[in-house]
Structure formats: C-alpha cells, structure tokens
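Colleague: To be precise about what I am sending: the file is called query.txt and holds compact mmCIF, C-alpha atoms.
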```txt
# COMPACT_ATOMS: atom_id res chain seq x y z
CA MET M 1 -25.77 13.12 25.47
CA LYS M 2 -24.88 9.45 24.99
CA LEU M 3 -24.03 8.75 21.35
CA ASP M 4 -23.70 5.42 19.56
CA LEU M 5 -20.08 4.77 18.60
CA THR M 6 -21.27 2.69 15.64
CA SER M 7 -23.19 5.65 14.24
CA ILE M 8 -20.21 7.95 14.73
CA THR M 9 -17.94 5.50 12.94
CA ALA M 10 -20.48 5.23 10.10
CA PHE M 11 -20.54 9.01 9.74
CA VAL M 12 -16.74 9.26 9.55
CA THR M 13 -16.56 6.38 7.07
CA VAL M 14 -19.07 7.99 4.70
CA ALA M 15 -17.48 11.42 5.06
CA ARG M 16 -13.97 10.16 4.29
CA ALA M 17 -15.15 7.98 1.40
CA GLY M 18 -17.29 10.73 -0.13
CA GLY M 19 -20.46 8.65 -0.30
CA PHE M 20 -22.47 5.80 1.18
CA ARG M 21 -21.73 3.31 -1.60
CA GLU M 22 -17.97 3.90 -1.54
CA GLY M 23 -18.00 3.88 2.26
CA ALA M 24 -19.74 0.53 2.22
CA ARG M 25 -17.21 -0.87 -0.23
CA LEU M 26 -14.21 0.28 1.78
CA SER M 27 -15.69 -0.95 5.06
CA ASN M 28 -17.06 -4.21 3.63
CA GLY M 29 -20.51 -3.19 4.84
CA SER M 30 -23.90 -2.19 3.51
CA ALA M 31 -24.77 1.23 2.07
CA SER M 32 -28.28 1.04 3.47
CA ARG M 33 -26.97 0.20 6.93
CA LEU M 34 -24.54 3.12 6.83
CA SER M 35 -27.39 5.39 5.77
CA ASP M 36 -29.55 4.21 8.68
CA GLN M 37 -26.72 4.74 11.16
CA VAL M 38 -26.03 8.25 9.88
CA ARG M 39 -29.72 9.17 10.02
CA ARG M 40 -29.83 7.91 13.62
CA LEU M 41 -26.88 10.12 14.49
CA GLU M 42 -28.48 13.12 12.80
CA SER M 43 -31.67 12.47 14.75
CA GLN M 44 -29.77 12.30 18.04
CA LEU M 45 -27.88 15.51 17.28
CA GLY M 46 -30.88 17.29 15.80
CA VAL M 47 -28.88 18.56 12.82
CA ARG M 48 -28.30 17.47 9.23
CA LEU M 49 -24.74 16.25 8.61
CA PHE M 50 -24.96 15.52 4.87
CA ASN M 51 -26.70 17.14 1.93
CA ARG M 52 -27.95 14.22 -0.16
CA SER M 53 -29.09 14.02 -3.76
CA THR M 54 -29.53 11.17 -6.20
CA ARG M 55 -26.06 11.86 -7.58
CA SER M 56 -23.94 13.10 -4.71
CA VAL M 57 -23.41 13.29 -0.96
CA ALA M 58 -21.72 16.33 0.57
CA LEU M 59 -21.01 17.37 4.15
CA THR M 60 -22.97 20.27 5.58
CA GLU M 61 -21.15 22.95 7.57
CA ALA M 62 -22.15 21.12 10.74
CA GLY M 63 -20.87 17.87 9.27
CA GLU M 64 -17.54 19.44 8.35
CA GLY M 65 -17.09 20.73 11.88
CA LEU M 66 -18.00 17.39 13.42
CA LEU M 67 -15.60 15.48 11.15
CA GLN M 68 -12.70 17.77 12.05
CA ARG M 69 -13.24 17.18 15.75
CA LEU M 70 -13.96 13.45 15.54
CA SER M 71 -11.16 12.35 13.19
CA PRO M 72 -8.24 12.81 15.64
CA ALA M 73 -10.10 10.93 18.39
CA LEU M 74 -10.98 7.99 16.11
CA ASP M 75 -7.44 7.89 14.75
CA GLU M 76 -6.12 7.67 18.30
CA MET M 77 -8.53 4.85 19.05
CA GLU M 78 -7.48 2.94 15.93
CA LEU M 79 -3.84 3.50 16.88
CA ALA M 80 -4.48 2.08 20.34
CA LEU M 81 -6.05 -1.03 18.82
CA ASP M 82 -3.18 -1.34 16.36
CA VAL M 83 -0.68 -1.16 19.23
CA VAL M 84 -2.48 -4.06 20.91
CA ASN M 85 -2.39 -5.98 17.65
CA SER M 86 1.38 -5.46 17.42
CA TYR M 87 1.81 -7.52 20.59
CA ARG M 88 0.82 -10.68 18.73
CA ASP M 89 3.64 -13.12 18.14
CA ARG M 90 2.98 -12.91 14.41
CA PRO M 91 1.23 -10.08 12.52
CA VAL M 92 -1.77 -11.31 10.54
CA GLY M 93 -3.95 -9.95 7.76
CA THR M 94 -3.92 -9.25 4.03
CA LEU M 95 -1.61 -6.84 2.22
CA LYS M 96 -2.90 -5.74 -1.20
CA LEU M 97 -0.37 -4.10 -3.54
CA ASN M 98 -0.92 -2.40 -6.90
CA VAL M 99 2.26 -2.55 -9.00
CA PRO M 100 3.41 -2.34 -12.64
CA VAL M 101 4.55 -5.53 -14.32
CA SER M 102 8.16 -4.33 -14.19
CA ALA M 103 8.02 -4.15 -10.39
CA ALA M 104 6.36 -7.55 -10.15
CA ARG M 105 9.16 -8.99 -12.25
CA LEU M 106 12.23 -7.00 -11.17
CA VAL M 107 11.55 -5.90 -7.58
CA LEU M 108 9.11 -8.10 -5.71
CA PRO M 109 10.80 -11.49 -6.34
CA ASP M 110 13.70 -10.31 -4.16
CA ILE M 111 11.36 -9.24 -1.36
CA ILE M 112 8.05 -11.12 -1.24
CA PRO M 113 9.31 -14.71 -0.69
CA ALA M 114 11.50 -13.62 2.24
CA PHE M 115 8.70 -11.45 3.64
CA LEU M 116 6.16 -14.29 3.53
CA ALA M 117 8.65 -16.66 5.12
CA ALA M 118 9.21 -14.19 7.97
CA TYR M 119 5.48 -13.44 8.45
CA PRO M 120 3.42 -16.54 7.59
CA GLY M 121 0.29 -14.92 9.07
CA ILE M 122 0.24 -12.27 6.33
CA ARG M 123 -1.25 -12.92 2.91
CA VAL M 124 -0.05 -10.75 0.01
CA GLU M 125 -2.24 -10.00 -3.00
CA VAL M 126 -0.50 -8.36 -5.96
CA ILE M 127 -2.42 -6.58 -8.73
CA THR M 128 -0.41 -5.61 -11.82
CA GLU M 129 -1.48 -2.42 -13.55
CA GLU M 130 0.56 0.03 -15.60
CA SER M 131 -1.42 3.24 -15.08
CA PHE M 132 -1.07 5.31 -11.92
CA VAL M 133 -4.11 4.68 -9.72
CA ASP M 134 -5.67 5.82 -6.47
CA VAL M 135 -4.70 2.85 -4.32
CA LEU M 136 -7.52 3.50 -1.85
CA ALA M 137 -10.16 3.72 -4.57
CA GLU M 138 -8.84 0.44 -6.00
CA GLY M 139 -9.10 -1.22 -2.60
CA CYS M 140 -5.31 -1.57 -2.23
CA ASP M 141 -3.12 -0.78 0.76
CA ALA M 142 -0.16 0.52 -1.21
CA GLY M 143 1.36 0.75 -4.67
CA ILE M 144 4.72 0.78 -6.43
CA ARG M 145 5.52 3.18 -9.23
CA TYR M 146 8.57 4.59 -11.02
CA ASP M 147 9.16 8.33 -10.79
CA GLU M 148 5.48 9.27 -10.58
CA SER M 149 3.96 12.49 -9.28
CA LEU M 150 2.22 11.54 -6.05
CA GLU M 151 -0.55 13.39 -4.28
CA GLN M 152 0.43 15.47 -1.26
CA ASP M 153 -1.09 13.02 1.21
CA MET M 154 0.96 10.11 -0.11
CA ILE M 155 4.05 8.80 1.65
CA ALA M 156 6.74 7.21 -0.53
CA ILE M 157 9.79 5.15 0.40
CA PRO M 158 12.42 3.54 -1.86
CA ILE M 159 11.92 -0.13 -2.68
CA GLY M 160 14.33 -2.13 -4.78
CA PRO M 161 17.34 -0.65 -6.60
CA ARG M 162 17.95 3.04 -5.95
CA SER M 163 18.57 3.67 -9.64
CA GLN M 164 18.06 1.80 -12.91
CA ARG M 165 18.77 2.30 -16.58
CA PHE M 166 16.96 1.87 -19.87
CA ALA M 167 18.86 -0.18 -22.43
CA ALA M 168 18.72 -0.82 -26.17
CA ALA M 169 19.41 -4.25 -27.62
CA ALA M 170 19.13 -6.40 -30.70
CA SER M 171 19.87 -10.00 -31.66
CA PRO M 172 23.15 -11.03 -33.29
CA GLY M 173 21.19 -12.03 -36.39
CA TYR M 174 19.57 -8.62 -36.73
CA LEU M 175 22.89 -6.81 -36.32
CA LYS M 176 24.57 -9.06 -38.87
CA GLN M 177 21.90 -8.17 -41.41
CA HIS M 178 21.37 -4.47 -40.61
CA GLY M 179 24.59 -3.33 -38.96
CA MET M 180 25.48 -1.88 -35.57
CA PRO M 181 24.13 1.62 -34.76
CA GLU M 182 26.95 3.90 -33.65
CA HIS M 183 24.83 6.84 -32.47
CA PRO M 184 21.26 7.06 -31.08
CA ARG M 185 20.07 8.90 -34.21
CA ASP M 186 21.12 5.88 -36.28
CA LEU M 187 18.09 4.12 -34.76
CA LEU M 188 15.87 6.20 -37.05
CA ASP M 189 17.10 3.97 -39.88
CA HIS M 190 16.42 0.72 -38.00
CA ALA M 191 13.36 -1.40 -37.22
CA CYS M 192 12.44 -0.51 -33.63
CA LEU M 193 9.97 -2.33 -31.41
CA ARG M 194 7.90 0.40 -29.75
CA GLY M 195 5.57 0.73 -26.78
CA ARG M 196 2.40 2.76 -26.40
CA PHE M 197 0.55 3.56 -23.16
CA ALA M 198 -3.15 2.82 -22.70
CA SER M 199 -3.75 6.56 -23.09
CA GLY M 200 -2.44 6.34 -26.65
CA ALA M 201 0.82 8.18 -25.95
CA MET M 202 3.91 6.65 -27.53
CA ILE M 203 6.87 5.84 -25.30
CA SER M 204 9.83 7.93 -26.41
CA TRP M 205 13.35 6.50 -26.47
CA GLU M 206 15.70 8.68 -24.47
CA PHE M 207 19.49 8.61 -24.48
CA GLU M 208 22.01 10.69 -22.60
CA ARG M 209 25.77 11.05 -22.43
CA GLY M 210 27.40 13.80 -20.42
CA ASP M 211 25.34 16.93 -20.92
CA GLU M 212 23.75 15.72 -24.15
CA THR M 213 20.23 14.27 -24.14
CA ILE M 214 18.49 12.85 -27.19
CA GLU M 215 14.80 11.89 -27.42
CA LEU M 216 13.70 9.75 -30.37
CA ASN M 217 10.49 8.33 -31.80
CA PRO M 218 11.78 5.73 -34.28
CA ASP M 219 9.54 3.62 -36.48
CA GLY M 220 9.18 -0.14 -36.49
CA PRO M 221 7.06 -3.19 -37.29
CA LEU M 222 5.76 -3.94 -33.77
CA LEU M 223 3.84 -1.83 -31.26
CA VAL M 224 2.96 -3.19 -27.78
CA ARG M 225 1.43 -1.94 -24.57
CA PRO M 226 3.81 -1.89 -21.56
CA GLY M 227 3.30 -4.75 -19.16
CA GLY M 228 1.51 -7.50 -21.00
CA GLY M 229 3.24 -6.83 -24.31
CA THR M 230 6.77 -6.42 -22.99
CA ASP M 231 7.65 -10.11 -23.18
CA LEU M 232 6.42 -10.20 -26.77
CA ALA M 233 8.66 -7.29 -27.71
CA THR M 234 11.64 -8.98 -26.05
CA GLU M 235 11.06 -12.30 -27.79
CA ALA M 236 10.56 -10.52 -31.11
CA ALA M 237 13.92 -8.82 -30.63
CA CYS M 238 15.54 -12.19 -29.90
CA ALA M 239 14.02 -13.50 -33.13
CA GLY M 240 15.65 -10.69 -35.10
CA THR M 241 12.55 -8.58 -35.73
CA GLY M 242 14.13 -5.34 -34.53
CA ILE M 243 15.68 -3.31 -31.73
CA VAL M 244 14.12 -3.25 -28.28
CA TYR M 245 14.38 -0.56 -25.58
CA LEU M 246 13.59 -1.70 -22.03
CA PHE M 247 14.83 -1.83 -18.44
CA GLU M 248 18.45 -2.98 -18.35
CA ASP M 249 17.52 -5.42 -15.57
CA TRP M 250 14.78 -6.91 -17.75
CA LEU M 251 17.18 -7.50 -20.63
CA GLN M 252 20.15 -8.69 -18.55
CA PRO M 253 19.32 -12.44 -18.76
CA TYR M 254 19.26 -12.12 -22.55
CA PHE M 255 22.62 -10.34 -22.48
CA ASP M 256 24.01 -13.13 -20.31
CA SER M 257 22.78 -15.84 -22.70
CA GLY M 258 23.90 -13.99 -25.83
CA ALA M 259 20.37 -13.87 -27.24
CA LEU M 260 20.61 -10.07 -27.31
CA ILE M 261 23.53 -7.70 -27.76
CA PRO M 262 23.59 -4.38 -25.83
CA LEU M 263 23.61 -1.31 -28.07
CA LEU M 264 24.79 2.24 -27.37
CA SER M 265 25.51 1.40 -23.71
CA ASP M 266 27.38 4.70 -23.25
CA TRP M 267 24.06 6.45 -23.87
CA TRP M 268 21.78 4.47 -21.54
CA PRO M 269 19.85 6.92 -19.34
CA ARG M 270 19.73 6.39 -15.61
CA PHE M 271 16.53 7.06 -13.65
CA PRO M 272 15.44 6.85 -9.98
CA GLY M 273 14.43 3.46 -8.65
CA PRO M 274 10.85 2.56 -7.73
CA LYS M 275 8.93 3.81 -4.68
CA LEU M 276 6.44 2.11 -2.40
CA TYR M 277 3.68 4.65 -1.80
CA TYR M 278 0.68 4.65 0.51
CA PRO M 279 -1.85 7.17 1.88
CA GLY M 280 -0.57 9.30 4.73
CA ARG M 281 -3.97 10.53 5.87
CA ARG M 282 -4.91 7.38 7.72
CA LEU M 283 -3.35 4.96 10.14
CA VAL M 284 -1.23 2.27 8.52
CA PRO M 285 -2.70 -1.28 8.81
CA THR M 286 -0.50 -3.81 10.57
CA PRO M 287 0.32 -5.90 7.43
CA LEU M 288 1.39 -2.76 5.56
CA ARG M 289 3.38 -1.41 8.51
CA THR M 290 5.14 -4.77 8.80
CA PHE M 291 5.93 -4.71 5.07
CA ILE M 292 7.25 -1.14 5.24
CA ASP M 293 9.58 -2.02 8.10
CA PHE M 294 10.72 -5.11 6.21
CA VAL M 295 11.44 -3.11 3.04
CA LYS M 296 13.42 -0.51 4.99
CA SER M 297 15.59 -3.19 6.55
CA HIS M 298 15.91 -5.36 3.45
CA PRO M 299 19.34 -5.05 1.82
CA TRP M 300 18.99 -4.69 -1.91
CA PRO M 301 21.68 -6.75 -3.68
CA SER M 302 23.76 -5.06 -6.33
CA HIS M 303 22.56 -6.19 -9.73
CA PRO M 304 24.99 -8.36 -11.73
CA ALA M 305 24.47 -6.05 -14.70
CA LYS M 306 26.31 -3.28 -12.90
CA GLU M 307 29.44 -5.41 -12.72
CA LYS M 308 29.63 -6.06 -16.45
CA PRO M 309 31.74 -3.89 -18.77
CA HIS M 310 28.84 -2.94 -21.05
CA SER M 311 26.75 -1.57 -18.17
CA GLU M 312 29.10 1.30 -17.32
```
How does this structure look as structure tokens?

Modeller:
Amino acid sequence: MKLDLTSITAFVTVARAGGFREGARLSNGSASRLSDQVRRLESQLGVRLFNRSTRSVALTEAGEGLLQRLSPALDEMELALDVVNSYRDRPVGTLKLNVPVSAARLVLPDIIPAFLAAYPGIRVEVITEESFVDVLAEGCDAGIRYDESLEQDMIAIPIGPRSQRFAAAASPGYLKQHGMPEHPRDLLDHACLRGRFASGAMISWEFERGDETIELNPDGPLLVRPGGGTDLATEAACAGTGIVYLFEDWLQPYFDSGALIPLLSDWWPRFPGPKLYYPGRRLVPTPLRTFIDFVKSHPWPSHPAKEKPHSE
C-alpha cells in the first residue's frame, strides 16, 4: 500500500498536539487541511484513527498503535534533515525563549550579544513571563526558570551563575531614620517592600545562617508583582520608603553606588542558579541546539558581588 507522507505527517502532528487546532498552530498550517489529510489517511487504511467530538479529539486504539510505530521513523527522518542542515556554514532560524524578568536582566545580557555575533543567521525572540509555562504550548523552543519542578520529559542544563543569593537592603536615609536591623526578626518592626505572585501568594523572606533558617512575612507600604514591579520596589527603597529583598545581583549596582546599604548579609540565603529547559520528547531544532552548545561552552564570569566583603 502506497501512503501519502503528507497525510502521515498530518496524523502525527495532530496526535502529538492533542487536536487539529493546536496541531495547526504548532505547524503553522490549517486545521481544516490537517483534518482533510487525516481523513484521507483513514480512508486509505480503512480504519478510524481518531475519535472526534465537538470538544475533543482522542486517538483510537488503532491510532495509538500507529503513532507508536511511526514516531521513531519520523524522528529519524527529521534527524537526517537536521544533520544536513548542520552542514551549512551558518545555522539559521528563530530561537524563541520564555524567561522571567530576572533572567532577562541578570543572565541573558552576558550570553545573547555574543551568541548573536557568533551566529548572525539566528534570530532570538525573548518573551518575559514570571509564571512557569509549557514552552511548547506557548510556541517557544525553550525556557529559563529558577529552581522549578520540571516535567519528566524536560531536559534542563545550567545557564548563568551556578548559585545566587537573595539580599536585603535599604537606603542610608531610611537606616538613619529607623535604625539598622541586627537580626532577621527585627524586620517585623520595619517597613518592608513586598512581592506577590500573580496567583495571589505572597513571597516570603527567607534567611539562613549555619543550621538556622528563618522565614518571615513582614508588613510594609508597597506591594508589587515580580518582574514588572521589581524596578519600582528597588527605586522606592532607594528613596527611603522601606527595605527591599531581591537578588543580590540585581541590587549590586545600588550597593556599588551607595544608593542602598546591604543588610543582614550573614543571613542571605543561597539558591541554585537558573536552568535552560526544553522538551526532551522531540528533536531539538538547529537554532536551539546551537544555543545549547553555546551555553555549555560559555564561561560564566564570577560576579563582582562575590568579591566584596559584604557578600560573604
């Protein structure tokens, strides 16, 4: 039996995407065209591959069996084409990344300019978003997150500093008026600039020294959402509104200029650095593979903050 490769590809696309509309979006095609191609394949095979309703599309038993046998062959074919593509003098294509604002500010500036200079045929699109998302569903190739629980089919590699710290700080003017906290619990008597996730959950302030860990939820006059509101919280701290608690790397320029004074540095908690994550159930596109190789070989410079007395 001679089968149409286009129809087979359409079937696998819809099956992996979980529907005709999502399959069309991921393949930059038409849902109606995918439907026609799948119906043609079903007609040729003489068996139904999907159970369809107005609300859902699900594989039949025959469809499940066909997908299991076809997927390895199509993956090998895509790999063969990708190998050919790798012989180009310069990789080309678009790399779409989903990252939090902190990564866009603290990690990517040390990587993206050099990457684009090395691979001018690749275009990078960066989407900033604080919540953890399904990068495939969002149309992205990969994402960056800090210490997140990833699905089993995700692959994650370190990107940027291997560890970071959260830091507390206030302006000289604020400390002159309200005094210097000597212990994390002293913050309960201070004006603290807090953050709250989109889910409504407040961001706790954690401190640790030796075996002792303290988690606080202090009060304060300003509440912001991480990402877009972080600069506002920092500037408010510089203006003397209250105490801010953020990435040490984020606050370091303000420490250097004297606009902010580090507080309780012996208690700053250390946490694992960010990870670049991407789906492991499909072949890696050439722009993403090129970026992964670049990240693995890119030396991450030691941050100046780690050389200063208050950072130890």

Colleague: Can you pull out every residue within 9 Å of M:Ala62, counting all atoms listed in the file, but drop anything in the same chain fewer than 5 positions away, and send it as a list in words?

Modeller: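 Non-adjacent residues within range: Val47, Arg48, Leu49, Phe50 and Leu67 of chain M.
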
Colleague: Restricting the calculation to only C-alpha atoms, which member of M:Thr54, M:Gln164, M:Asn98, M:Ser204 is positioned closest to M:Leu276?

Modeller: M:Asn98

Colleague: Leaving out stretch 208-225 of chain M and any residue of its chain fewer than 6 positions from it, which residues lie within 8 Å of it when counting all atoms listed in the file, given as a PDB file with C-alpha atoms, keeping the file's coordinate frame?

Modeller:
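Written out: selection.pdb:
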```pdb
ATOM      1  CA  PRO M 184      21.260   7.060 -31.080  1.00  0.00           C
ATOM      2  CA  ARG M 185      20.070   8.900 -34.210  1.00  0.00           C
ATOM      3  CA  LEU M 187      18.090   4.120 -34.760  1.00  0.00           C
ATOM      4  CA  LEU M 188      15.870   6.200 -37.050  1.00  0.00           C
ATOM      5  CA  ASP M 189      17.100   3.970 -39.880  1.00  0.00           C
ATOM      6  CA  HIS M 190      16.420   0.720 -38.000  1.00  0.00           C
ATOM      7  CA  ALA M 191      13.360  -1.400 -37.220  1.00  0.00           C
ATOM      8  CA  CYS M 192      12.440  -0.510 -33.630  1.00  0.00           C
ATOM      9  CA  LEU M 193       9.970  -2.330 -31.410  1.00  0.00           C
ATOM     10  CA  ARG M 194       7.900   0.400 -29.750  1.00  0.00           C
ATOM     11  CA  GLY M 195       5.570   0.730 -26.780  1.00  0.00           C
ATOM     12  CA  ARG M 196       2.400   2.760 -26.400  1.00  0.00           C
ATOM     13  CA  PHE M 197       0.550   3.560 -23.160  1.00  0.00           C
ATOM     14  CA  ALA M 198      -3.150   2.820 -22.700  1.00  0.00           C
ATOM     15  CA  LEU M 232       6.420 -10.200 -26.770  1.00  0.00           C
ATOM     16  CA  ALA M 233       8.660  -7.290 -27.710  1.00  0.00           C
ATOM     17  CA  THR M 241      12.550  -8.580 -35.730  1.00  0.00           C
ATOM     18  CA  GLY M 242      14.130  -5.340 -34.530  1.00  0.00           C
ATOM     19  CA  ASP M 266      27.380   4.700 -23.250  1.00  0.00           C
ATOM     20  CA  TRP M 267      24.060   6.450 -23.870  1.00  0.00           C
ATOM     21  CA  TRP M 268      21.780   4.470 -21.540  1.00  0.00           C
ATOM     22  CA  PRO M 269      19.850   6.920 -19.340  1.00  0.00           C
TER      23      PRO M 269
END
```

Colleague: For atom CA of M:Pro226 and atom CA of M:Leu175, quote the distance in Å rounded to one decimal.

Modeller: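 We find that atom CA of M:Pro226 and atom CA of M:Leu175 lie 24.6 Å from each other.
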
Colleague: Enter the distance from atom CA of M:Thr128 to atom CA of M:Ser171, in Å, rounded to one decimal.

Modeller: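 Interatomic distance, atom CA of M:Thr128 to atom CA of M:Ser171: 28.7 Å.
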
Colleague: When you count all atoms listed in the file, which of these residues is closest to M:Arg52: M:Val14, M:Arg145, M:Val126, M:Phe271?

Modeller: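 Closest to M:Arg52, using all atoms listed in the file: M:Val14.
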
Colleague: Record the distance separating atom CA of M:Ala142 and atom CA of M:Arg90, expressed in Å with one decimal.

Modeller: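 So the answer is 20.8 Å.
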
Colleague: Within 10 Å of M:Gly143, counting all atoms listed in the file, which residues show up once you throw out same-chain ones fewer than 4 positions away? Write them as a list of chain:residue names, please.

Modeller: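 Residues near the query, excluding close chain neighbours: M:Lys96, M:Leu97, M:Asn98, M:Val99, M:Pro100, M:Val126, M:Ile127, M:Thr128, M:Glu129, M:Phe132, M:Val133, M:Asp134, M:Val135, M:Leu136, M:Ala156, M:Lys275, M:Leu276, M:Tyr277, M:Tyr278, M:Pro279.
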
Colleague: Convert the current residue selection to file output with C-alpha atoms, as a PDB file, keeping the file's coordinate frame.

Modeller:
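Resulting contents of part10.pdb:
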```
ATOM      1  CA  LYS M  96      -2.900  -5.740  -1.200  1.00  0.00           C
ATOM      2  CA  LEU M  97      -0.370  -4.100  -3.540  1.00  0.00           C
ATOM      3  CA  ASN M  98      -0.920  -2.400  -6.900  1.00  0.00           C
ATOM      4  CA  VAL M  99       2.260  -2.550  -9.000  1.00  0.00           C
ATOM      5  CA  PRO M 100       3.410  -2.340 -12.640  1.00  0.00           C
ATOM      6  CA  VAL M 126      -0.500  -8.360  -5.960  1.00  0.00           C
ATOM      7  CA  ILE M 127      -2.420  -6.580  -8.730  1.00  0.00           C
ATOM      8  CA  THR M 128      -0.410  -5.610 -11.820  1.00  0.00           C
ATOM      9  CA  GLU M 129      -1.480  -2.420 -13.550  1.00  0.00           C
ATOM     10  CA  PHE M 132      -1.070   5.310 -11.920  1.00  0.00           C
ATOM     11  CA  VAL M 133      -4.110   4.680  -9.720  1.00  0.00           C
ATOM     12  CA  ASP M 134      -5.670   5.820  -6.470  1.00  0.00           C
ATOM     13  CA  VAL M 135      -4.700   2.850  -4.320  1.00  0.00           C
ATOM     14  CA  LEU M 136      -7.520   3.500  -1.850  1.00  0.00           C
ATOM     15  CA  ALA M 156       6.740   7.210  -0.530  1.00  0.00           C
ATOM     16  CA  LYS M 275       8.930   3.810  -4.680  1.00  0.00           C
ATOM     17  CA  LEU M 276       6.440   2.110  -2.400  1.00  0.00           C
ATOM     18  CA  TYR M 277       3.680   4.650  -1.800  1.00  0.00           C
ATOM     19  CA  TYR M 278       0.680   4.650   0.510  1.00  0.00           C
ATOM     20  CA  PRO M 279      -1.850   7.170   1.880  1.00  0.00           C
TER      21      PRO M 279
END
```

Colleague: From the options M:Gly139, M:Gly229, M:Pro158, M:Gly240, which residue's atoms come nearest to M:His178, counting all atoms listed in the file?

Modeller: M:Gly240

Colleague: Write out as a ChimeraX atom specification the residues lying within 10 Å of M:Ser102, counting all atoms listed in the file and excluding same-chain residues fewer than 4 positions away.

Modeller: /M:106-108,128-130,144-146,226-227,230,246-247,249-250,274

Colleague: Please return as an MDAnalysis selection string every residue within 10 Å of (-2.6, -13.9, 2.5), taking into account only C-alpha atoms and the file's own coordinates.

Modeller: chainID M and resid 92:96 116 120:125 287

Colleague: Neighbouring residues of M:Thr286 were defined as those with any atom within 7 Å, considering all atoms listed in the file; residues of the same chain fewer than 2 positions away were excluded. Please report them as a list in words.

Modeller: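 Listed by chain and then number, they are Asp82, Pro91, Val284, Leu288, Arg289 and Thr290 of chain M.
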
Colleague: Give as a short mmCIF file (atom, residue, chain, number, x, y, z; two decimals) with C-alpha atoms, in the coordinates of the input every residue, naming chains and numbers as the document does, that has an atom within 8 Å of (13.9, -2.4, 0.2), counting only C-alpha atoms.

Modeller:
```cif
data_model
loop_
_atom_site.label_atom_id
_atom_site.label_comp_id
_atom_site.auth_asym_id
_atom_site.auth_seq_id
_atom_site.Cartn_x
_atom_site.Cartn_y
_atom_site.Cartn_z
CA ILE M 111 11.36 -9.24 -1.36
CA PRO M 158 12.42 3.54 -1.86
CA ILE M 159 11.92 -0.13 -2.68
CA GLY M 160 14.33 -2.13 -4.78
CA PRO M 161 17.34 -0.65 -6.60
CA PHE M 294 10.72 -5.11 6.21
CA VAL M 295 11.44 -3.11 3.04
CA LYS M 296 13.42 -0.51 4.99
CA SER M 297 15.59 -3.19 6.55
CA HIS M 298 15.91 -5.36 3.45
CA PRO M 299 19.34 -5.05 1.82
CA TRP M 300 18.99 -4.69 -1.91
#
```

Colleague: I need the residue nearest M:Gly258 from this list: M:Pro172, M:Gly280, M:Pro285, M:Gly200. Use all atoms listed in the file for the distance.

Modeller: M:Pro172
